[in-house]
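Quick notes on the structure that follows.
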Amino acid sequence: MSFRAILISETDAGQKAELTRLEESDLMEGDVTVDVTHSSVNYKDGLNITGKAPIARRFPLIPGIDFAGVVRASANPRWKAGDRVVLNGYGVGEGHHGGFSEVARLSGDWLVPAPEGWTAADCMSAGVAGYTAMLCVMALEEQGVKPSDGEILVTGAAGGVGTTAVVILAGLGYRVIASTGRVSEEPFLKSLGAAGVVDRDGFNGPVKALAKARWAGCIDSVGSTTLANVISQMNPDATVAACGNAQGMDLPTNVAPFILRGVKLVGVNSVSTPMPRRLKVWERLVQDLDLAKLHALTTHVKLEDVPRVAADIVAGKVKGRVVVDIA
């Protein structure tokens, strides 16, 4: 039986992405086959589909770094037909066929159970972005950052990780300041729980060894000069959780904030999180992510819309989360 999927391939004219029909024989090896009902479009997906960054490690490739669906068949003892499952990470959509497809085949060891009380659409409204945001929140908590310590900065705040981080942090009682290049989104960000909004241009100037201390913590999905400036503005013993590189992979900073203020920079890797922690993250999302606000920051598109949305997300035209209704 054939199925629909987005496929990216290399041609003499460059990379192309198109909606096509494939056969199950086109799928890669795995011990679980899933009927995918929902996926989501993330910044990494945008880079992958547009070819703006070398995300894909093989061609042709079905992109899509997360999905939710129902097990069709399983040779893995963890799963049986009819189980509701979620996938994010493990190189799916990068080196292994991903979620922009009506059918997926992969290792059952990569899957987690869909949370009770959440629909598949809810799972993808959170998706890898919400999952990463929660990893960052947990990193701040584990470094002892408390709501009473002061303001928490969220950079790239209008994006997927940023919006969900704002909702989670505000719900936990933190005073959140959202940094964005789209200051027109201030009412939207405040509706999610941000106490204030600052223009990202304030973090794009020359990086000082030490700037005026302001932030008790930060969740950064931007990297580069923005992250360097943020580090220089952290309070003594404050923590930055870094999870992205929307501005760039470089980090033009110096050791002063680390050795004179004791600032901690914690890297957050959402791709290969060990399974026990992965399950804990999903538990925390159910506990601490307000579904009503999650729905408010989410839009829905169809599978055929994915190439267009991918270009828009790279161009900075997308806010919040974009769920792909595949079924």
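Here, A, B, ... name the chains of the structure tokens in the order displayed, residue numbers run from 1 inside each chain, and ligands are numbered from 1 in the same displayed order.
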
Distance table requested - stretch 73-172 of chain A against stretch 280-291 of chain A, cut-off 10 Å, only C-alpha atoms: one row per qualifying residue with the closest atom pair and its distance in Å to one decimal, ordered by chain and rising residue number, as JSON lines.
{"residue": "A:Val86", "atom": "CA", "partner": "A:Trp282", "partner_atom": "CA", "distance": 9.9}
{"residue": "A:Val112", "atom": "CA", "partner": "A:Trp282", "partner_atom": "CA", "distance": 8.7}
{"residue": "A:Pro113", "atom": "CA", "partner": "A:Trp282", "partner_atom": "CA", "distance": 9.2}
{"residue": "A:Ala114", "atom": "CA", "partner": "A:Trp282", "partner_atom": "CA", "distance": 8.7}
{"residue": "A:Pro115", "atom": "CA", "partner": "A:Val286", "partner_atom": "CA", "distance": 7.2}
{"residue": "A:Glu116", "atom": "CA", "partner": "A:Val286", "partner_atom": "CA", "distance": 8.6}
{"residue": "A:Gly117", "atom": "CA", "partner": "A:Val286", "partner_atom": "CA", "distance": 8.6}
{"residue": "A:Trp118", "atom": "CA", "partner": "A:Val286", "partner_atom": "CA", "distance": 8.0}
{"residue": "A:Asp122", "atom": "CA", "partner": "A:Leu291", "partner_atom": "CA", "distance": 7.7}
{"residue": "A:Cys123", "atom": "CA", "partner": "A:Trp282", "partner_atom": "CA", "distance": 9.3}
{"residue": "A:Ser125", "atom": "CA", "partner": "A:Leu291", "partner_atom": "CA", "distance": 9.1}
{"residue": "A:Ala126", "atom": "CA", "partner": "A:Leu285", "partner_atom": "CA", "distance": 8.1}
{"residue": "A:Gly127", "atom": "CA", "partner": "A:Trp282", "partner_atom": "CA", "distance": 9.9}
{"residue": "A:Gly130", "atom": "CA", "partner": "A:Leu285", "partner_atom": "CA", "distance": 7.7}
{"residue": "A:Tyr131", "atom": "CA", "partner": "A:Val281", "partner_atom": "CA", "distance": 6.7}
{"residue": "A:Thr132", "atom": "CA", "partner": "A:Val281", "partner_atom": "CA", "distance": 8.8}
{"residue": "A:Ala133", "atom": "CA", "partner": "A:Leu285", "partner_atom": "CA", "distance": 9.4}
{"residue": "A:Met134", "atom": "CA", "partner": "A:Val281", "partner_atom": "CA", "distance": 6.4}
{"residue": "A:Leu135", "atom": "CA", "partner": "A:Val281", "partner_atom": "CA", "distance": 6.6}
{"residue": "A:Val137", "atom": "CA", "partner": "A:Val281", "partner_atom": "CA", "distance": 9.9}
{"residue": "A:Met138", "atom": "CA", "partner": "A:Val281", "partner_atom": "CA", "distance": 8.3}
{"residue": "A:Thr164", "atom": "CA", "partner": "A:Leu289", "partner_atom": "CA", "distance": 7.7}
{"residue": "A:Ala165", "atom": "CA", "partner": "A:Leu289", "partner_atom": "CA", "distance": 9.0}
{"residue": "A:Val166", "atom": "CA", "partner": "A:Leu289", "partner_atom": "CA", "distance": 9.9}
{"residue": "A:Val167", "atom": "CA", "partner": "A:Leu289", "partner_atom": "CA", "distance": 6.7}
{"residue": "A:Ile168", "atom": "CA", "partner": "A:Leu289", "partner_atom": "CA", "distance": 5.3}
{"residue": "A:Leu169", "atom": "CA", "partner": "A:Asp288", "partner_atom": "CA", "distance": 8.7}
{"residue": "A:Ala170", "atom": "CA", "partner": "A:Leu289", "partner_atom": "CA", "distance": 9.8}
{"residue": "A:Gly171", "atom": "CA", "partner": "A:Asp288", "partner_atom": "CA", "distance": 6.9}
{"residue": "A:Leu172", "atom": "CA", "partner": "A:Asp288", "partner_atom": "CA", "distance": 7.3}

With the cut-off set at 12 Å and counting only C-alpha atoms, tabulate each residue of stretch 74-178 of chain A with an atom at most that distance from an atom of stretch 201-217 of chain A, showing the nearest atom pair and its distance in Å to one decimal, ordered by chain and increasing number, as a Markdown table.
| residue | atom | partner | partner_atom | distance |
| --- | --- | --- | --- | --- |
| A:Cys136 | CA | A:Gly217 | CA | 10.4 |
| A:Val137 | CA | A:Gly217 | CA | 9.7 |
| A:Met138 | CA | A:Gly217 | CA | 11.9 |
| A:Ala139 | CA | A:Gly217 | CA | 10.3 |
| A:Leu140 | CA | A:Gly217 | CA | 7.0 |
| A:Glu141 | CA | A:Gly217 | CA | 9.8 |
| A:Glu142 | CA | A:Gly217 | CA | 11.9 |
| A:Gln143 | CA | A:Gly217 | CA | 9.8 |
| A:Gly144 | CA | A:Gly217 | CA | 10.0 |
| A:Val145 | CA | A:Gly217 | CA | 6.9 |
| A:Lys146 | CA | A:Ala216 | CA | 8.5 |
| A:Pro147 | CA | A:Ala216 | CA | 8.9 |
| A:Ser148 | CA | A:Ala216 | CA | 9.2 |
| A:Asp149 | CA | A:Ala216 | CA | 5.9 |
| A:Gly150 | CA | A:Ala216 | CA | 5.2 |
| A:Glu151 | CA | A:Trp215 | CA | 5.4 |
| A:Ile152 | CA | A:Gly217 | CA | 4.7 |
| A:Leu153 | CA | A:Gly217 | CA | 6.4 |
| A:Val154 | CA | A:Gly217 | CA | 8.7 |
| A:Thr155 | CA | A:Phe203 | CA | 9.6 |
| A:Gly156 | CA | A:Phe203 | CA | 11.4 |
| A:Leu169 | CA | A:Gly217 | CA | 10.9 |
| A:Tyr174 | CA | A:Gly217 | CA | 10.0 |
| A:Arg175 | CA | A:Ala216 | CA | 9.9 |
| A:Val176 | CA | A:Gly217 | CA | 9.6 |
| A:Ile177 | CA | A:Trp215 | CA | 9.3 |
| A:Ala178 | CA | A:Trp215 | CA | 11.8 |

Would you mind exporting the chosen residues as a PDB file, in the first residue's frame, restricted to C-alpha atoms?
ATOM      1  CA  CYS A 136      16.186  23.747  29.545  1.00  0.00           C
ATOM      2  CA  VAL A 137      13.819  24.500  32.423  1.00  0.00           C
ATOM      3  CA  MET A 138      15.002  21.362  34.206  1.00  0.00           C
ATOM      4  CA  ALA A 139      18.621  22.407  33.622  1.00  0.00           C
ATOM      5  CA  LEU A 140      17.937  25.755  35.349  1.00  0.00           C
ATOM      6  CA  GLU A 141      16.186  24.010  38.222  1.00  0.00           C
ATOM      7  CA  GLU A 142      19.031  21.539  38.656  1.00  0.00           C
ATOM      8  CA  GLN A 143      21.467  24.447  38.950  1.00  0.00           C
ATOM      9  CA  GLY A 144      19.348  25.880  41.747  1.00  0.00           C
ATOM     10  CA  VAL A 145      17.674  28.736  39.849  1.00  0.00           C
ATOM     11  CA  LYS A 146      14.508  29.706  41.760  1.00  0.00           C
ATOM     12  CA  PRO A 147      11.686  32.150  40.944  1.00  0.00           C
ATOM     13  CA  SER A 148      12.817  34.355  43.830  1.00  0.00           C
ATOM     14  CA  ASP A 149      16.284  34.792  42.272  1.00  0.00           C
ATOM     15  CA  GLY A 150      15.182  37.322  39.687  1.00  0.00           C
ATOM     16  CA  GLU A 151      14.270  37.675  36.026  1.00  0.00           C
ATOM     17  CA  ILE A 152      14.706  34.839  33.527  1.00  0.00           C
ATOM     18  CA  LEU A 153      15.495  35.814  29.946  1.00  0.00           C
ATOM     19  CA  VAL A 154      14.193  33.752  27.025  1.00  0.00           C
ATOM     20  CA  THR A 155      15.817  34.535  23.676  1.00  0.00           C
ATOM     21  CA  GLY A 156      14.177  33.696  20.364  1.00  0.00           C
ATOM     22  CA  LEU A 169       8.502  29.244  33.248  1.00  0.00           C
ATOM     23  CA  TYR A 174       9.285  32.774  37.284  1.00  0.00           C
ATOM     24  CA  ARG A 175       9.309  36.371  36.057  1.00  0.00           C
ATOM     25  CA  VAL A 176      10.034  35.918  32.346  1.00  0.00           C
ATOM     26  CA  ILE A 177      11.430  38.543  30.002  1.00  0.00           C
ATOM     27  CA  ALA A 178      11.056  37.623  26.327  1.00  0.00           C
TER      28      ALA A 178
END

TODO: Check stretch 48-220 of chain A with DSSP on the backbone and list each residue it calls strand (DSSP E or B), as a ChimeraX atom specification.
DONE: /A:61,66-74,84-88,92,96,101,103-106,112-113,152-154,176-180,196-199,215-220

Selected residues written out with N, CA and C atoms, as a compact mmCIF listing (two decimals), in the first residue's frame:
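New file out-v5.txt:
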# COMPACT_ATOMS: atom_id res chain seq x y z
N LEU A 61 15.55 11.54 1.43
CA LEU A 61 15.23 11.49 2.85
C LEU A 61 13.84 12.05 3.10
N ASP A 66 10.08 15.00 14.42
CA ASP A 66 9.21 14.44 15.46
C ASP A 66 7.90 13.98 14.84
N PHE A 67 7.19 13.12 15.54
CA PHE A 67 5.86 12.72 15.10
C PHE A 67 5.13 12.02 16.24
N ALA A 68 3.81 11.90 16.07
CA ALA A 68 2.96 11.12 16.97
C ALA A 68 2.06 10.25 16.11
N GLY A 69 1.76 9.06 16.61
CA GLY A 69 0.91 8.18 15.83
C GLY A 69 0.56 6.92 16.59
N VAL A 70 0.13 5.92 15.84
CA VAL A 70 -0.35 4.66 16.40
C VAL A 70 0.44 3.51 15.79
N VAL A 71 0.91 2.61 16.64
CA VAL A 71 1.68 1.46 16.16
C VAL A 71 0.79 0.58 15.29
N ARG A 72 1.26 0.31 14.08
CA ARG A 72 0.58 -0.62 13.18
C ARG A 72 1.07 -2.04 13.40
N ALA A 73 2.38 -2.21 13.51
CA ALA A 73 2.98 -3.54 13.69
C ALA A 73 4.26 -3.39 14.48
N SER A 74 4.57 -4.39 15.32
CA SER A 74 5.76 -4.30 16.16
C SER A 74 6.39 -5.67 16.38
N ARG A 84 -0.32 4.10 21.32
CA ARG A 84 -0.09 5.50 20.93
C ARG A 84 1.32 5.90 21.33
N VAL A 85 2.09 6.43 20.37
CA VAL A 85 3.51 6.69 20.61
C VAL A 85 3.90 8.07 20.10
N VAL A 86 5.06 8.53 20.62
CA VAL A 86 5.64 9.81 20.24
C VAL A 86 7.12 9.58 19.94
N LEU A 87 7.63 10.31 18.97
CA LEU A 87 9.05 10.24 18.61
C LEU A 87 9.63 11.63 18.51
N ASN A 88 10.79 11.84 19.11
CA ASN A 88 11.62 12.99 18.78
C ASN A 88 13.07 12.63 19.05
N VAL A 92 16.23 10.99 13.67
CA VAL A 92 15.11 10.80 12.76
C VAL A 92 14.84 12.12 12.03
N HIS A 96 17.68 9.18 9.35
CA HIS A 96 16.67 8.12 9.24
C HIS A 96 15.37 8.78 8.82
N SER A 101 5.38 12.03 6.91
CA SER A 101 5.01 10.84 6.17
C SER A 101 3.82 10.19 6.87
N VAL A 103 3.44 7.05 7.09
CA VAL A 103 3.94 5.82 7.71
C VAL A 103 5.40 6.00 8.06
N ALA A 104 5.80 5.47 9.21
CA ALA A 104 7.21 5.50 9.63
C ALA A 104 7.61 4.12 10.14
N ARG A 105 8.85 3.74 9.86
CA ARG A 105 9.40 2.51 10.42
C ARG A 105 10.73 2.85 11.06
N LEU A 106 10.92 2.40 12.31
CA LEU A 106 12.11 2.77 13.07
C LEU A 106 12.27 1.83 14.25
N VAL A 112 8.46 6.82 22.81
CA VAL A 112 7.91 6.95 24.16
C VAL A 112 6.40 6.88 24.06
N PRO A 113 5.73 6.46 25.12
CA PRO A 113 4.26 6.41 25.08
C PRO A 113 3.66 7.81 25.06
N ILE A 152 14.19 35.85 34.44
CA ILE A 152 14.71 34.84 33.53
C ILE A 152 14.50 35.34 32.10
N LEU A 153 15.56 35.38 31.33
CA LEU A 153 15.49 35.81 29.95
C LEU A 153 15.27 34.61 29.04
N VAL A 154 14.38 34.76 28.07
CA VAL A 154 14.19 33.75 27.03
C VAL A 154 14.47 34.42 25.69
N VAL A 176 9.41 36.19 33.64
CA VAL A 176 10.03 35.92 32.35
C VAL A 176 10.08 37.19 31.50
N ILE A 177 11.26 37.46 30.96
CA ILE A 177 11.43 38.54 30.00
C ILE A 177 11.74 37.90 28.65
N ALA A 178 10.94 38.23 27.65
CA ALA A 178 11.06 37.62 26.33
C ALA A 178 11.84 38.53 25.39
N SER A 179 12.87 37.98 24.77
CA SER A 179 13.65 38.71 23.77
C SER A 179 13.25 38.23 22.38
N THR A 180 12.92 39.17 21.51
CA THR A 180 12.49 38.81 20.16
C THR A 180 12.80 39.94 19.19
N GLY A 196 7.61 40.89 30.48
CA GLY A 196 8.13 41.99 29.69
C GLY A 196 8.73 41.47 28.40
N VAL A 197 8.92 42.36 27.44
CA VAL A 197 9.49 42.01 26.14
C VAL A 197 10.59 43.00 25.80
N VAL A 198 11.74 42.49 25.34
CA VAL A 198 12.85 43.35 24.92
C VAL A 198 13.22 43.02 23.49
N ASP A 199 13.72 44.03 22.79
CA ASP A 199 14.14 43.86 21.40
C ASP A 199 15.47 43.13 21.35
N TRP A 215 20.30 39.20 34.76
CA TRP A 215 19.49 38.00 34.61
C TRP A 215 19.88 36.91 35.61
N ALA A 216 18.87 36.29 36.21
CA ALA A 216 19.11 35.17 37.13
C ALA A 216 19.25 33.86 36.38
N GLY A 217 18.74 33.83 35.16
CA GLY A 217 18.81 32.64 34.34
C GLY A 217 18.43 32.99 32.92
N CYS A 218 18.72 32.10 32.00
CA CYS A 218 18.37 32.34 30.59
C CYS A 218 18.19 31.01 29.89
N ILE A 219 17.20 30.96 28.99
CA ILE A 219 17.07 29.88 28.02
C ILE A 219 17.33 30.49 26.65
N ASP A 220 18.39 30.02 26.00
CA ASP A 220 18.84 30.63 24.75
C ASP A 220 18.77 29.62 23.61

Open item on the list: Let me make sure I understand: among A:Ser184, A:Thr226, A:Val128, A:Gly14, which one has the smallest atom-to-atom distance to A:Ser272 if we use only C-alpha atoms?
Closed with: A:Val128

Task: Nearby residues (only C-alpha atoms) at most 8 Å from A:Ala246, same-chain spacing under 6 positions excluded, as a VMD selection string - done: chain A and resid 221 to 223

- [ ] Would you please work out which residue, of A:Ile62, A:Ala238, A:Ala157, A:Leu111, is nearest to A:Gly193 when using only C-alpha atoms?
- [x] A:Ala157

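Picture a line from atom CA of A:Arg321 to atom CA of A:Val161; it runs 8.5 Å.
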
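From atom CA of A:Gly108 back to atom CA of A:Met124, the distance works out to 18.6 Å.
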